[in-house]
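Enquirer: Let me give you the structure first, and then I'll get to my questions.
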Amino acid sequence: MAERKPVIITAEQLAEQRRYIEEIRSLPQRPRSYFVVTYGCQMNAHDSETIAGMLQEMGMAEAPDREHADFVIFNTCCVRDNAERRALGNVTWLKEVRKQNPNLIIAVCGCMIQQPGMAEKILKQYKFIDLAFGTTNLYKLPELLCRKLNEDRAVVVVEDKDTIAENLPMKRLRKDFAYITIMYGCDNFCSYCIVPYVRGRERSREMDAILAEARQLKESGVKEIMLLGQNVNSYGKGLEGDVTFAGLLRKLEEIGIPRIRFMTSHPKDLSDELIEVMRTSKCILPQFHLPVQAGNDDILQQMNRHYSREKYLNRVRALREAVPGIGLTTDIIVGFPGETEEQFQDTMSLVKEVGYDSAFTFIYSPRTGTKAAAMLDQIPDDVATDRIQRLIALQDQCQKEAMSRFVGMEEEVLVEGLSRRSKTAVSGKGRHGVSITLPGSEKDIGEIVRVRVTEIKNNTLMAERIEERK
């Protein structure tokens, strides 16, 4: 597929959206409250922050739930079939809510809408949906909603272009933590994955824009940032000069935000330069999400992953040599078309060898338009279910063994909130990405507290305080 140049949204285009925001605020019959329902990955969560920011600028207040909102928008995912079905089921449920609130506006956006043919499906089968738009139209939300309010008809827009829009409004979910998108889209075209078709081709933000956003976040009190991209390791593609992800990390470290995380990384693009930056950095946290997907070379080739089992394990060894004790997590798919029991056992043996802190495990889900959906030898549901149950049982065992290394270790926890099990405890993420519970109260939320891990409970570490928060 030929490379496409990104469309940079100009200041004039954003000013036009600003005018639509002001027009909506002036309308007597406009939504007064909103609720955003988010499915999928961190990229979607960050998009929802942008959606909420725009809606608040339109004069809407966040409602406590869907039932009490005038405008409900579903930000959808389509990576797995069950995510799509769940989203459509919940959207359909809102038809009943509309009986109590006839003025309710129902909107759907995100990856699901960007799929080929979905716009037509919405217009024909889901006529109760008022507004729908794809991933590349996010910045146009004010214009599209204005059209809906003025014309009183469904507005469905999906554009086939790869956009970058800077300086959009934002309602951050937390004051101490923030996402920063550094790039959009994907060029890898893994045979099972629909992301390149719904998120577009890879396009990197200018480094100066990323650094400016990071400085602003530091000034606002943010203590941890997570850099987002479908493949952060390939950051810099399309930019002028010798721009790399490792180089971006060096510049971000100079800003002085205490904690930096990132995801997701593709193993084929994990460079020695990046590993060296992690080895010497004081701000980049010792955690790495490195999706393997499968442990068999033939399956990896069919998946179009562009690495072998041995190359993946070499990258794991290099990370652990450079950053001892690093927290490693992964994604794994079972039941890929044609997968034999022997090939599945290769995945099981890789999981044993690596010893992940945690793993996101999935049964292969055919997505229309991907190469794998047309492959022969689709695995029966009962076989795939049996395999994932065995994989989960193995990973649970490996996770307990991996977490045992933390007992007695000192850690720094960014406190996220009160513990759900105790009124005198709080919880948050340690430097290695593992959840830690410790004694505390509401005043600790958003602070970094030094602790010593005392024991493991389920998938959470328990700790005692050894130093006041900072």
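Ligands are numbered from 1 in the order shown, chains are lettered A, B, ... in the order of the structure tokens, and residues start at 1 in each chain.
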Could you pull out all residues of segment 203-394 of chain A with a DSSP call of strand (DSSP E) and give them as an mmCIF file with N, CA and C atoms, in the first residue's frame?
Expert:
```
data_model
loop_
_atom_site.group_PDB
_atom_site.id
_atom_site.type_symbol
_atom_site.label_atom_id
_atom_site.label_comp_id
_atom_site.auth_asym_id
_atom_site.auth_seq_id
_atom_site.Cartn_x
_atom_site.Cartn_y
_atom_site.Cartn_z
ATOM 1 N N ARG A 203 1.779 8.402 11.391
ATOM 2 C CA ARG A 203 2.104 9.816 11.253
ATOM 3 C C ARG A 203 2.528 10.340 12.624
ATOM 4 N N SER A 204 3.698 10.901 12.672
ATOM 5 C CA SER A 204 4.295 11.358 13.922
ATOM 6 C C SER A 204 4.023 12.843 14.147
ATOM 7 N N GLU A 224 3.335 12.086 36.189
ATOM 8 C CA GLU A 224 3.617 10.950 35.309
ATOM 9 C C GLU A 224 2.912 11.148 33.984
ATOM 10 N N ILE A 225 3.632 10.855 32.897
ATOM 11 C CA ILE A 225 3.031 10.875 31.568
ATOM 12 C C ILE A 225 3.180 9.496 30.933
ATOM 13 N N MET A 226 2.213 9.158 30.107
ATOM 14 C CA MET A 226 2.307 7.952 29.290
ATOM 15 C C MET A 226 2.250 8.373 27.833
ATOM 16 N N LEU A 227 3.315 8.045 27.089
ATOM 17 C CA LEU A 227 3.381 8.346 25.672
ATOM 18 C C LEU A 227 2.633 7.266 24.910
ATOM 19 N N LEU A 228 1.787 7.684 23.967
ATOM 20 C CA LEU A 228 0.920 6.747 23.271
ATOM 21 C C LEU A 228 1.196 6.718 21.781
ATOM 22 N N ARG A 259 8.084 10.815 36.159
ATOM 23 C CA ARG A 259 7.813 9.449 35.689
ATOM 24 C C ARG A 259 7.331 9.473 34.242
ATOM 25 N N ILE A 260 7.973 8.654 33.406
ATOM 26 C CA ILE A 260 7.603 8.538 31.993
ATOM 27 C C ILE A 260 7.383 7.069 31.663
ATOM 28 N N ARG A 261 6.215 6.754 31.112
ATOM 29 C CA ARG A 261 5.918 5.429 30.574
ATOM 30 C C ARG A 261 5.560 5.576 29.104
ATOM 31 N N PHE A 262 5.468 4.459 28.400
ATOM 32 C CA PHE A 262 5.045 4.499 27.002
ATOM 33 C C PHE A 262 4.486 3.148 26.591
ATOM 34 N N MET A 263 3.618 3.181 25.582
ATOM 35 C CA MET A 263 3.104 1.977 24.947
ATOM 36 C C MET A 263 2.370 2.396 23.659
ATOM 37 N N GLN A 287 9.550 -0.379 33.088
ATOM 38 C CA GLN A 287 8.411 -1.188 32.656
ATOM 39 C C GLN A 287 8.377 -1.179 31.140
ATOM 40 N N PHE A 288 8.063 -2.316 30.534
ATOM 41 C CA PHE A 288 8.034 -2.382 29.077
ATOM 42 C C PHE A 288 6.932 -3.340 28.643
ATOM 43 N N HIS A 289 6.009 -2.817 27.816
ATOM 44 C CA HIS A 289 4.963 -3.664 27.235
ATOM 45 C C HIS A 289 5.427 -4.083 25.851
ATOM 46 N N GLY A 327 9.870 -4.580 34.621
ATOM 47 C CA GLY A 327 8.564 -5.222 34.526
ATOM 48 C C GLY A 327 8.182 -5.434 33.081
ATOM 49 N N LEU A 328 7.991 -6.665 32.677
ATOM 50 C CA LEU A 328 7.640 -6.992 31.300
ATOM 51 C C LEU A 328 6.198 -7.490 31.226
ATOM 52 N N THR A 329 5.449 -6.917 30.300
ATOM 53 C CA THR A 329 4.079 -7.355 30.043
ATOM 54 C C THR A 329 3.930 -7.599 28.542
ATOM 55 N N THR A 330 2.832 -8.261 28.156
ATOM 56 C CA THR A 330 2.712 -8.652 26.752
ATOM 57 C C THR A 330 1.263 -8.840 26.350
ATOM 58 N N ASP A 331 1.045 -9.055 25.050
ATOM 59 C CA ASP A 331 -0.235 -9.472 24.482
ATOM 60 C C ASP A 331 -0.024 -10.822 23.809
ATOM 61 N N ILE A 332 -1.014 -11.711 23.931
ATOM 62 C CA ILE A 332 -0.922 -13.040 23.323
ATOM 63 C C ILE A 332 -2.268 -13.405 22.704
ATOM 64 N N ILE A 333 -2.218 -13.934 21.491
ATOM 65 C CA ILE A 333 -3.413 -14.418 20.794
ATOM 66 C C ILE A 333 -3.333 -15.928 20.673
ATOM 67 N N VAL A 334 -4.402 -16.628 21.033
ATOM 68 C CA VAL A 334 -4.478 -18.078 20.806
ATOM 69 C C VAL A 334 -5.574 -18.359 19.793
ATOM 70 N N SER A 358 2.570 -9.610 33.727
ATOM 71 C CA SER A 358 1.159 -9.811 33.372
ATOM 72 C C SER A 358 1.065 -9.946 31.866
ATOM 73 N N ALA A 359 -0.066 -10.476 31.416
ATOM 74 C CA ALA A 359 -0.279 -10.676 29.980
ATOM 75 C C ALA A 359 -1.750 -10.472 29.656
ATOM 76 N N PHE A 360 -1.999 -9.769 28.570
ATOM 77 C CA PHE A 360 -3.357 -9.636 28.037
ATOM 78 C C PHE A 360 -3.537 -10.754 27.020
ATOM 79 N N THR A 361 -4.441 -11.660 27.309
ATOM 80 C CA THR A 361 -4.615 -12.848 26.472
ATOM 81 C C THR A 361 -5.952 -12.793 25.751
ATOM 82 N N PHE A 362 -5.955 -13.200 24.489
ATOM 83 C CA PHE A 362 -7.156 -13.095 23.664
ATOM 84 C C PHE A 362 -7.313 -14.341 22.801
ATOM 85 N N ILE A 363 -8.556 -14.702 22.550
ATOM 86 C CA ILE A 363 -8.866 -15.672 21.501
ATOM 87 C C ILE A 363 -8.926 -14.906 20.186
#
```
Enquirer: Name the residues in contact with Glu159 of chain A at a cut-off of 9 Å, using only C-alpha atoms, excluding same-chain residues fewer than 3 positions from it; report them as a list in words.
Expert: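 Counting only C-alpha atoms, the residues come to Gln114, Phe133, Gly134, Thr135, Thr136, Asn137 and Asp162 of chain A.
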Enquirer: Using only C-alpha atoms, can you tell me which of A:Arg201, A:Arg66, A:Arg25, A:Arg405 comes closest to Glu96 of chain A?
Expert: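 Of all the options, A:Arg66 lies closest to Glu96 of chain A.
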Enquirer: Here is a test: counting only C-alpha atoms, which residue of A:Asp377, A:Glu310, A:Glu62, A:Asp297 is nearest to Glu353 of chain A?
Expert: A:Glu310
Enquirer: Select from segment 381-449 of chain A everything DSSP, run on the backbone, classes as helix (DSSP H, G or I), then give the selection as an MDAnalysis selection string.
Expert: chainID A and resid 381:406 442:444
Enquirer: Kindly assemble as JSON lines a list of the segment 131-203 of chain A residues that lie within 12 Å of segment 247-257 of chain A, each paired with its nearest atom pair and their distance in Å to one decimal, using only C-alpha atoms, sorted first by chain and then by ascending residue number.
Expert:
```
{"residue": "A:Asp176", "atom": "CA", "partner": "A:Ile257", "partner_atom": "CA", "distance": 10.6}
{"residue": "A:Phe177", "atom": "CA", "partner": "A:Ile257", "partner_atom": "CA", "distance": 10.3}
{"residue": "A:Ala178", "atom": "CA", "partner": "A:Ile257", "partner_atom": "CA", "distance": 10.9}
{"residue": "A:Ile180", "atom": "CA", "partner": "A:Leu252", "partner_atom": "CA", "distance": 11.4}
{"residue": "A:Ile182", "atom": "CA", "partner": "A:Leu248", "partner_atom": "CA", "distance": 9.4}
{"residue": "A:Met183", "atom": "CA", "partner": "A:Leu248", "partner_atom": "CA", "distance": 11.9}
```
Enquirer: Could you tell me how far atom CA of Leu313 of chain A lies from atom CA of Cys41 of chain A, in Å and to one decimal?
Expert: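 Computed distance, atom CA of Leu313 of chain A to atom CA of Cys41 of chain A, equals 25.6 Å.
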Enquirer: Fewer than 4 positions away in the same chain doesn't count, so skip those; otherwise give me all residues within 9 Å of Tyr20 of chain A, counting only C-alpha atoms, as a list in words.
Expert: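 That gives Ala15, Glu16, Ile24, Arg25, Met58, Pro142, Glu143, Leu144, Leu145 and Cys146 of chain A.
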Enquirer: Find the residue from A:Gln29, A:Gln56, A:Thr340, A:Thr38 that sits nearest to Ala87 of chain A; use only C-alpha atoms when measuring.
Expert: A:Thr38
Enquirer: Show which residues sit within 6 Å of Cys78 of chain A, as a ChimeraX atom specification. Count only C-alpha atoms, and ignore same-chain residues fewer than 6 positions away.
Expert: /A:84,111-112
Enquirer: For Lys237 of chain A, work out the shell of residues within 10 Å, counting only C-alpha atoms and skipping chain neighbours fewer than 4 positions away, then give it as an mmCIF file with C-alpha atoms, in the first residue's frame.
Expert:
```cif
data_model
loop_
_atom_site.group_PDB
_atom_site.id
_atom_site.type_symbol
_atom_site.label_atom_id
_atom_site.label_comp_id
_atom_site.auth_asym_id
_atom_site.auth_seq_id
_atom_site.Cartn_x
_atom_site.Cartn_y
_atom_site.Cartn_z
ATOM 1 C CA MET A 183 2.010 9.393 16.802
ATOM 2 C CA GLU A 202 1.691 6.088 10.737
ATOM 3 C CA ARG A 203 2.104 9.816 11.253
ATOM 4 C CA SER A 204 4.295 11.358 13.922
ATOM 5 C CA ARG A 205 3.651 14.609 15.740
ATOM 6 C CA ASN A 233 9.261 2.582 18.498
ATOM 7 C CA GLY A 241 15.966 15.093 10.201
ATOM 8 C CA ASP A 242 17.211 12.203 12.315
ATOM 9 C CA VAL A 243 14.258 11.950 14.682
ATOM 10 C CA THR A 244 13.914 8.792 16.787
ATOM 11 C CA PHE A 245 11.845 7.649 19.733
#
```
Enquirer: Which one is closest to Leu173 of chain A: A:Arg320, A:Arg19, A:His46, A:Arg80? Count only C-alpha atoms.
Expert: A:His46
